[in-house]
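Engineer: Mind having a look at this structure? Questions to follow.
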Amino acid sequence: MEKKKVSIMIPCYNEEENVVPISDAVVKMMEEELPQYNYEILFIDNDSSDNTRTLLREICEKNKNIKAIFNAKNFGQFNSPYHAMCQTTGDCTITMCCDFQDPVEMIPKFIKEWENGYKIVCGIKASSRENPIMRFLRTCYYKLIKKMSDVEQIEHFTGFGLYDKSFIKVLKDLDDPVPFIRGIVAELGYRRKDLEYEQPKRRAGKTHNNWYSLYDAAMLSFTSYTKVGLRIATIFGFFMSVASIIVALVYLVLKLMYWNMFPAGTTPILLGIFVFGSVQIFFIGLVGEYIMNINTRVIHRPLVIEEERINFEDDEEAVTADEDAKTAIDDFKKIHRYMHLAKKEDTTETYAELKKEYLSLKAILNIAGVNLTDIDEIKE
């Protein structure tokens, strides 16, 4: 029986201190604790400026089960991993960070749940050694987006987990120019298992997530999976308009009734301008986030542009062979149909030529091991 194949996808950016240790740890895990599976490890480098690429070339040279994709530039924290997931060839794909904050020890647990029938196994951070303030803010964000979103949002899920090849196929078909894997997992509704783990500190190096990248992730999730922001703007605008009209009428009546005793003053006017101005700017910015999301999807730029691939030769040959076989089968079916037509129209000469080509193609496909039982052979 052929072994199942497990793909491990690891995105990296300026991780020269971690790529070799994480590679060694995953290889050791697969070869010593999970020898019943074939494996491939795919690194995708997001245009590192340090020694990461040199080290990856050395790793790939030593072990042909390790592959690498080098991006032409930095395409962001979402596009690059998503693209790499779509390039894996295993029966399942495990995604994990390069910095050891996603424990390698979770791999057997993920695979066990996958073998139990779950199509997706999510790693959920039960606790973390990150900054307490950052964790508190993350928790608040997850609670907020969970209440506001029409789609279930998975708390403290960063994308670390296992994905069946059927889910990977759907990702390829989605063709999403702004992929947010955490939302897609919940949105598609595959049978899922959540496994908790404690997130350790980075093994080495500095995190590449800053406040802007975290804000970018939050807004991508917010604008992709909620309508609440725009609805709040509409409802708030309506009630503020009603309140403004009432205040204006009351102010006008009081001024008319007590003309000399009720000074208009500039303070209320200035306060009104500042309040309404700040509210307008906030909601214009919110609408702008939605428009930017739509614009990115409409432009539909490629997820990434690859500069180099390493150790993909066997996969490319297999794809070429599959495409050649598919073309031969299509030709075989066409000739089969034409033979029927030739026989109906009693064009003996044409039928004989088609029959000859038909038998030749059939012999080739039989040698290649292609099953042709779904096509009935024409009897003379």
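Convention: chains lettered A, B, ... in structure tokens order; per-chain residue numbering from 1; ligands numbered from 1 as shown.
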Using DSSP on the backbone, list every residue of segment 34-209 of chain A that comes out as helix (DSSP H, G or I), and give them as JSON, numbers by chain.

Structural biologist: {"A": [52, 53, 54, 55, 56, 57, 58, 59, 60, 61, 62, 76, 77, 78, 79, 80, 81, 82, 83, 84, 85, 106, 107, 108, 109, 110, 111, 112, 113, 114, 115, 132, 133, 134, 135, 136, 137, 138, 139, 140, 141, 142, 143, 144, 145, 146, 147, 148, 165, 166, 167, 168, 169, 170, 171, 172, 173, 174, 181, 182, 183, 184, 185, 186, 187, 188]}

Engineer: Please provide the set of residues having any atom within 10 Å of Asn51 of chain A, restricted to only C-alpha atoms, with same-chain residues fewer than 2 positions apart removed, written as a ChimeraX atom specification.

Structural biologist: /A:14-17,48-49,53-56

Engineer: Please identify all polymer residues within 6 Å of segment 41-46 of chain A, counting only C-alpha atoms, omitting same-chain residues fewer than 5 positions from it, and present them as a list in words.

Structural biologist: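 That gives Ser7, Ile8, Met9, Ile10, Pro11, Cys12, Tyr13, Ile66, Lys67, Ala68, Ile69, Phe70, Asn71 and Asn74 of chain A.
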
Engineer: Expressed in Å to a single decimal, how great is the separation between atom CA of Lys119 of chain A and atom CA of Lys193 of chain A?

Structural biologist: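 Here the two named atoms are 8.3 Å from each other.
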
Engineer: Nearest to Gly76 of chain A: which of A:Ala204, A:Met257, A:Leu303, A:Leu162 is it, counting only C-alpha atoms?

Structural biologist: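 Selected residue with least distance to Gly76 of chain A: A:Leu303.
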
Engineer: Taking only C-alpha atoms into account, name the residue in A:Gln87, A:Val185, A:Val19, A:Lys5 that is nearest to Gln36 of chain A.

Structural biologist: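 Counting only C-alpha atoms, the residue closest to Gln36 of chain A is A:Lys5.
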
Engineer: Which is closest to Glu113 of chain A among A:Glu152, A:Asp99, A:Asp47, A:Asp194, if we use only C-alpha atoms?

Structural biologist: A:Asp194

Engineer: Could you go through segment 26-193 of chain A and tell me which residues DSSP, when run on the backbone, assigns to strand (DSSP E), listing them as a ChimeraX atom specification?

Structural biologist: /A:38-45,66-71,92-95,120-128,157-164,192-193

Engineer: Residues at most 8 Å from Asp164 of chain A, counting only C-alpha atoms, excluding those fewer than 3 positions away in the same chain, as an NGL selection string?

Structural biologist: :A and (91-93 or 114 or 119-120 or 167-168)
